[in-house]
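*Asks:* Following this message is one structure expressed as structure tokens.
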Amino acid sequence: MNDAVRDRDVLLVVGGGIAAYKSVMVARELVKRGARVETVLTRAAERFVSGVTFAGITGRPAHTKLWDPAFAGERHIALSSRAAVAAVVPATANLLARMAHGLANDLATTCLLATAAPVVVAPAMHTRMWQHPATQANVALLAARGVRFEGPVAGALASGEEGLGRMSEPEFIADAIARALTPQDLAGTRVVVSAGGTHEAIDPVRFLGNRSSGRMGYALAERAAARGASVVLVSGPAAVPAPAGVEVVRVRSAREMADAVLAHAASADAVIMAAAVADYRPSEPAREKLKKTSDELVLRLVKNPDILAELGARRVGVRPMLVGFAVETSDLLARAKEKLLRKRCDLVVANHADGAFEGDDNEVALVSADEVESLPRVSKRAVAERILDRVVKRPREG
Ligand code: CTP
């Protein structure tokens, strides 16, 4: 989510309310996330906060006037055409009313009427103004036209009272702006992602593990949620923090992972097995810590359930879509193809064992029954997006 605004043009319209001081923090957060921010202040906004503040933060002069001899061309058209998203922070009752009725009597409302970009509004006003039927009718009209509302929330108001009407926090507003820039093409889709490695107990303090960091699976879960999916992340031990907005089920061993994945797969539209599941486990983990009493120690291993193969065998029809990973040291594409057929999945993400684990980027090929798409070396996040593009285009029943 944090990356959605990187290198994007955000038009920040600041309305005239006391919450305008917090729009400075929104500008700062957007700049921190890599956005280019153009600020437009209404006349009333200038009473609360200065254009100089925004210029200092965004590195671009703030705009206030529709008519400015120093600006060649039509300022409102230039600003509104360039914007990938427009945000109104704070949106006063007056601004909402002008937007709802298509008034264009200053630079801010002219830009909002001229833009084809998604619009996010963060209202802030006294509870009675928010609840007034006129405001509520305007809100309903704007929402029906696709304007996205972030807040208001309940809390302390400028009047000293408590109530609904307080502006949402700057970070949440920046998140809402990021969401508006992210296509919600997985909305209504249930995705199960497995990630991380597994730990197979040798004794109460030792295990057999592998080098998986969990980064690929966590990136998949994070991006799927950002694109609107409801996501269950079944995670073995991993080195990265859990992404926001996903349900995390923590497991340790392959057998625990099998139970969790198979249980959640029943209602899933897609299952993505990014976890590095141990193929074998010690047959009888010692109950007590092993002591170094002999020069040699032999561990007997038995096979773990193959979760992906089990999902493939159980599947009737095309749901859920199954995505597997193949990490190989040689014959990558041939082995990936063989895995695709043997485990009866729809897509295998083939990557070479070199650099597949700890790094932030990866070079993979997407192998399906009828094509092999080789991707250049890109971030794991970008790989995740390409895999999820395939989930969007998954085979559907009938
Ligand atoms: N996988 C799984 N359960 C296992 C082992 C692997 O679900 N017990 C999944 C992995 O999550 C991955 C895919 O299967 O998506 C490929 O795993 P890999 O270990 O490379 O394949 P194997 O079936 O073990 O094949 P081989 O050992 O022949 O390479």
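Every chain in the structure tokens has a letter given in the order shown (A, B, ...), and although residue numbers restart at 1 in each chain, ligands are simply numbered from 1 in the order shown.
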Using only C-alpha atoms and all ligand atoms, which residues of the polymer chains come no farther than 6 Å from ligand 1? I'd like the answer as a CSV table (one decimal) with C-alpha atoms, in the first residue's frame.
*Replies:*
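After the write, pocket.csv holds the following:
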chain,number,residue,atom,x,y,z
A,273,MET,CA,1.5,-22.0,-2.1
A,274,ALA,CA,4.5,-19.7,-1.7
A,275,ALA,CA,5.7,-21.6,1.5
A,276,ALA,CA,8.9,-23.6,1.4
A,277,VAL,CA,7.3,-26.8,3.0
A,278,ALA,CA,9.7,-29.4,4.3
A,279,ASP,CA,9.3,-32.6,2.3
A,304,ASN,CA,5.3,-34.9,4.9
A,305,PRO,CA,2.0,-34.5,3.2
A,306,ASP,CA,2.3,-32.6,-0.1
A,307,ILE,CA,-0.2,-29.8,0.4
A,308,LEU,CA,-0.3,-28.5,-3.1
A,324,GLY,CA,2.6,-23.4,-6.8
A,325,PHE,CA,6.3,-22.4,-6.7
A,326,ALA,CA,9.2,-24.4,-8.0
A,327,VAL,CA,12.6,-23.5,-6.7
*Asks:* So which bits of range 48-96 of chain A end up alpha helix (DSSP H) when you DSSP the backbone, as a VMD selection string?
*Replies:* chain A and resid 48 51 to 58 75 to 82 93 to 96
*Asks:* Just write the chosen residues, C-alpha atoms, as a compact mmCIF listing (two decimals), in the first residue's frame.
*Replies:*
# COMPACT_ATOMS: atom_id res chain seq x y z
CA PHE A 48 -6.07 28.69 8.63
CA GLY A 51 0.50 28.25 1.06
CA VAL A 52 4.13 28.75 2.10
CA THR A 53 3.84 25.80 4.50
CA PHE A 54 2.71 23.49 1.69
CA ALA A 55 5.36 24.86 -0.68
CA GLY A 56 8.01 24.05 1.92
CA ILE A 57 6.75 20.50 2.34
CA THR A 58 5.89 19.60 -1.25
CA ARG A 75 -4.26 26.41 -14.52
CA HIS A 76 -7.29 24.33 -13.52
CA ILE A 77 -7.03 22.17 -16.62
CA ALA A 78 -3.29 21.67 -16.25
CA LEU A 79 -3.58 20.70 -12.58
CA SER A 80 -6.63 18.49 -12.93
CA SER A 81 -5.39 16.65 -16.04
CA ARG A 82 -2.08 15.77 -14.48
CA ALA A 93 -19.82 21.33 4.38
CA ASN A 94 -19.55 24.22 1.95
CA LEU A 95 -17.02 22.45 -0.29
CA LEU A 96 -19.11 19.26 -0.32
*Asks:* One decimal, in Å: what's the spacing between CA of Asn351 in chain A and CA of Leu208 in chain A?
*Replies:*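 Going from CA of Asn351 in chain A over to CA of Leu208 in chain A, I get 22.6 Å.
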*Asks:* Contacts of Ala134 in chain A at 12 Å or less, counting only C-alpha atoms, minus same-chain residues fewer than 6 places along, as a VMD selection string?
*Replies:* chain A and resid 93 to 94 96 to 98 100 to 101 128 140 to 141
*Asks:* Kindly save the residues from that selection, with N, CA, C and O atoms included, as a PDB file, in the first residue's frame.
*Replies:*
ATOM      1  N   ALA A  93     -18.439  21.481   4.857  1.00  0.00           N
ATOM      2  CA  ALA A  93     -19.819  21.326   4.384  1.00  0.00           C
ATOM      3  C   ALA A  93     -20.021  22.148   3.120  1.00  0.00           C
ATOM      4  O   ALA A  93     -20.660  21.712   2.162  1.00  0.00           O
ATOM      5  N   ASN A  94     -19.423  23.342   3.109  1.00  0.00           N
ATOM      6  CA  ASN A  94     -19.548  24.225   1.951  1.00  0.00           C
ATOM      7  C   ASN A  94     -18.895  23.628   0.707  1.00  0.00           C
ATOM      8  O   ASN A  94     -19.474  23.618  -0.383  1.00  0.00           O
ATOM      9  N   LEU A  96     -18.318  20.425   0.105  1.00  0.00           N
ATOM     10  CA  LEU A  96     -19.112  19.259  -0.316  1.00  0.00           C
ATOM     11  C   LEU A  96     -20.338  19.719  -1.097  1.00  0.00           C
ATOM     12  O   LEU A  96     -20.694  19.125  -2.120  1.00  0.00           O
ATOM     13  N   ALA A  97     -20.982  20.796  -0.619  1.00  0.00           N
ATOM     14  CA  ALA A  97     -22.180  21.307  -1.292  1.00  0.00           C
ATOM     15  C   ALA A  97     -21.825  21.809  -2.686  1.00  0.00           C
ATOM     16  O   ALA A  97     -22.506  21.514  -3.670  1.00  0.00           O
ATOM     17  N   ARG A  98     -20.706  22.529  -2.777  1.00  0.00           N
ATOM     18  CA  ARG A  98     -20.313  23.049  -4.099  1.00  0.00           C
ATOM     19  C   ARG A  98     -19.951  21.906  -5.047  1.00  0.00           C
ATOM     20  O   ARG A  98     -20.295  21.923  -6.220  1.00  0.00           O
ATOM     21  N   ALA A 100     -21.131  18.824  -4.892  1.00  0.00           N
ATOM     22  CA  ALA A 100     -22.340  18.068  -5.234  1.00  0.00           C
ATOM     23  C   ALA A 100     -23.130  18.775  -6.331  1.00  0.00           C
ATOM     24  O   ALA A 100     -23.759  18.127  -7.168  1.00  0.00           O
ATOM     25  N   HIS A 101     -23.077  20.092  -6.322  1.00  0.00           N
ATOM     26  CA  HIS A 101     -23.891  20.837  -7.293  1.00  0.00           C
ATOM     27  C   HIS A 101     -23.101  21.308  -8.500  1.00  0.00           C
ATOM     28  O   HIS A 101     -23.621  22.045  -9.332  1.00  0.00           O
ATOM     29  N   ARG A 128     -23.516  18.678  13.988  1.00  0.00           N
ATOM     30  CA  ARG A 128     -24.829  19.091  13.461  1.00  0.00           C
ATOM     31  C   ARG A 128     -24.736  19.467  11.989  1.00  0.00           C
ATOM     32  O   ARG A 128     -25.665  19.229  11.229  1.00  0.00           O
ATOM     33  N   ALA A 140     -24.560  11.717  -0.062  1.00  0.00           N
ATOM     34  CA  ALA A 140     -25.143  10.579  -0.787  1.00  0.00           C
ATOM     35  C   ALA A 140     -24.945  10.747  -2.296  1.00  0.00           C
ATOM     36  O   ALA A 140     -24.587   9.801  -3.006  1.00  0.00           O
ATOM     37  N   LEU A 141     -25.157  11.977  -2.755  1.00  0.00           N
ATOM     38  CA  LEU A 141     -25.009  12.261  -4.190  1.00  0.00           C
ATOM     39  C   LEU A 141     -23.557  12.040  -4.631  1.00  0.00           C
ATOM     40  O   LEU A 141     -23.292  11.385  -5.650  1.00  0.00           O
TER      41      LEU A 141
END
*Asks:* Would you give me, as an MDAnalysis selection string, the residues in range 114-363 of chain A that DSSP reads as strand (DSSP E or B)?
*Replies:* chainID A and resid 119:123 148:149 153:156 162:166 190:195 200:203 206:208 230:235 247:250 270:273 280:282 301:303 321:328 347:352 361:362
*Asks:* Pick the closest to Gly15 in chain A from A:Gln136, A:Pro118, A:Pro123, A:Glu29: which is it, counting only C-alpha atoms?
*Replies:* A:Pro123
*Asks:* Find the residue from A:Thr92, A:Asn105, A:Thr115, A:Ser267 that sits nearest to Asn138 in chain A; use only C-alpha atoms when measuring.
*Replies:*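 Closest candidate: A:Thr92.
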*Asks:* Just checking: using only C-alpha atoms, which residue out of A:His126, A:Arg250, A:Arg215, A:Arg223 ends up closest to Asp389 in chain A?
*Replies:* A:Arg223
*Asks:* Using only C-alpha atoms, which protein or nucleic acid residues come within 9 Å of Val248 in chain A? Drop anything in the same chain fewer than 5 positions from it, and give the result as a list in words.
*Replies:* Val231, Val232, Leu233, Val234, Ser235, Ala242 and Pro243 of chain A
*Asks:* Rounded to one decimal in Å, what is the spacing between CA of Val89 in chain A and CA of Ser230 in chain A?
*Replies:* 28.7 Å
*Asks:* Using only C-alpha atoms, determine which residues lie at most 10 Å from Ala35 in chain A, disregarding the query and same-chain residues fewer than 2 positions distant; provide the list as a compact mmCIF listing (two decimals) with C-alpha atoms, in the first residue's frame.
*Replies:*
# COMPACT_ATOMS: atom_id res chain seq x y z
CA ASP A 3 4.12 2.28 -2.59
CA ALA A 4 0.86 3.02 -4.40
CA VAL A 5 1.46 6.78 -4.48
CA ARG A 6 5.14 6.60 -5.44
CA ASP A 7 5.81 8.77 -8.50
CA ARG A 8 2.11 9.60 -8.80
CA ASP A 9 0.62 13.10 -9.07
CA VAL A 10 -1.71 13.94 -6.23
CA ALA A 27 0.96 16.41 2.35
CA ARG A 28 4.02 15.38 4.33
CA GLU A 29 2.94 11.73 4.47
CA LEU A 30 2.27 11.68 0.71
CA VAL A 31 5.67 13.22 -0.04
CA LYS A 32 7.30 10.70 2.30
CA ARG A 33 5.65 7.91 0.30
CA VAL A 37 1.86 16.80 -4.52
CA GLU A 38 0.27 19.93 -5.97
CA THR A 58 5.89 19.60 -1.25
CA ALA A 178 -3.26 5.07 -2.00
*Asks:* Could you give me, as a list in words, the residues within 12 Å of Arg179 in chain A, counting only C-alpha atoms and dropping anything in the same chain fewer than 3 positions from it?
*Replies:*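 So the residues in contact are Met1, Asn2, Asp3, Ala4, Val5, Ala84, Val85, Ala87, Pro118, Val119, Val120, Arg148, Phe149, Glu150, Phe172, Ile173, Ala174, Asp175, Ala176, Thr182, Pro183, Gln184, Asp185, Arg223, Ala225, Ala226, Arg227 and Gly228 of chain A.
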*Asks:* Could you pull the residues within 8 Å of Ala309 in chain A, counting only C-alpha atoms, minus those fewer than 3 positions along the same chain, as a PyMOL selection string?
*Replies:* chain A and resi 306+312-313+342-344
*Asks:* Restrict the selected residues to N, CA and C atoms and save them as a compact mmCIF listing (two decimals), in the first residue's frame.
*Replies:*
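Produced file out-v3.txt, reproduced below:
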# COMPACT_ATOMS: atom_id res chain seq x y z
N ASP A 306 2.11 -33.62 0.91
CA ASP A 306 2.33 -32.58 -0.10
C ASP A 306 1.03 -31.79 -0.21
N GLY A 312 -4.64 -30.24 -5.33
CA GLY A 312 -4.90 -30.59 -6.73
C GLY A 312 -5.75 -31.84 -6.85
N ALA A 313 -5.45 -32.84 -5.99
CA ALA A 313 -6.18 -34.11 -6.05
C ALA A 313 -7.62 -33.94 -5.58
N ARG A 342 2.00 -32.74 -12.34
CA ARG A 342 1.95 -33.72 -11.26
C ARG A 342 1.07 -33.24 -10.11
N LYS A 343 1.16 -31.94 -9.77
CA LYS A 343 0.39 -31.43 -8.63
C LYS A 343 -0.96 -30.86 -9.07
N ARG A 344 -1.24 -30.95 -10.35
CA ARG A 344 -2.52 -30.51 -10.92
C ARG A 344 -2.84 -29.07 -10.54
*Asks:* Can you work out the spacing between CA of Pro241 in chain A and CA of Glu222 in chain A in Å, to one decimal?
*Replies:*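 So the two atoms, CA of Pro241 in chain A and CA of Glu222 in chain A, lie 10.9 Å apart.
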*Asks:* Between A:Leu333, A:Val249, A:Cys111, A:Val323, which residue has the minimum interatomic distance to Thr42 in chain A, considering only C-alpha atoms?
*Replies:*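 Of A:Leu333, A:Val249, A:Cys111, A:Val323, the one nearest Thr42 in chain A is A:Cys111, counting only C-alpha atoms.
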*Asks:* Using only C-alpha atoms, which of the listed residues (A:Ser379, A:Ser194, A:Ser283, A:Ser294) sits closest to Ala265 in chain A?
*Replies:*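 The answer is A:Ser194, which sits nearest to Ala265 in chain A.
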*Asks:* Counting only C-alpha atoms, figure out which residue out of A:Arg206, A:Arg211, A:His352, A:Arg300 gets nearest to Arg287 in chain A.
*Replies:* A:Arg206
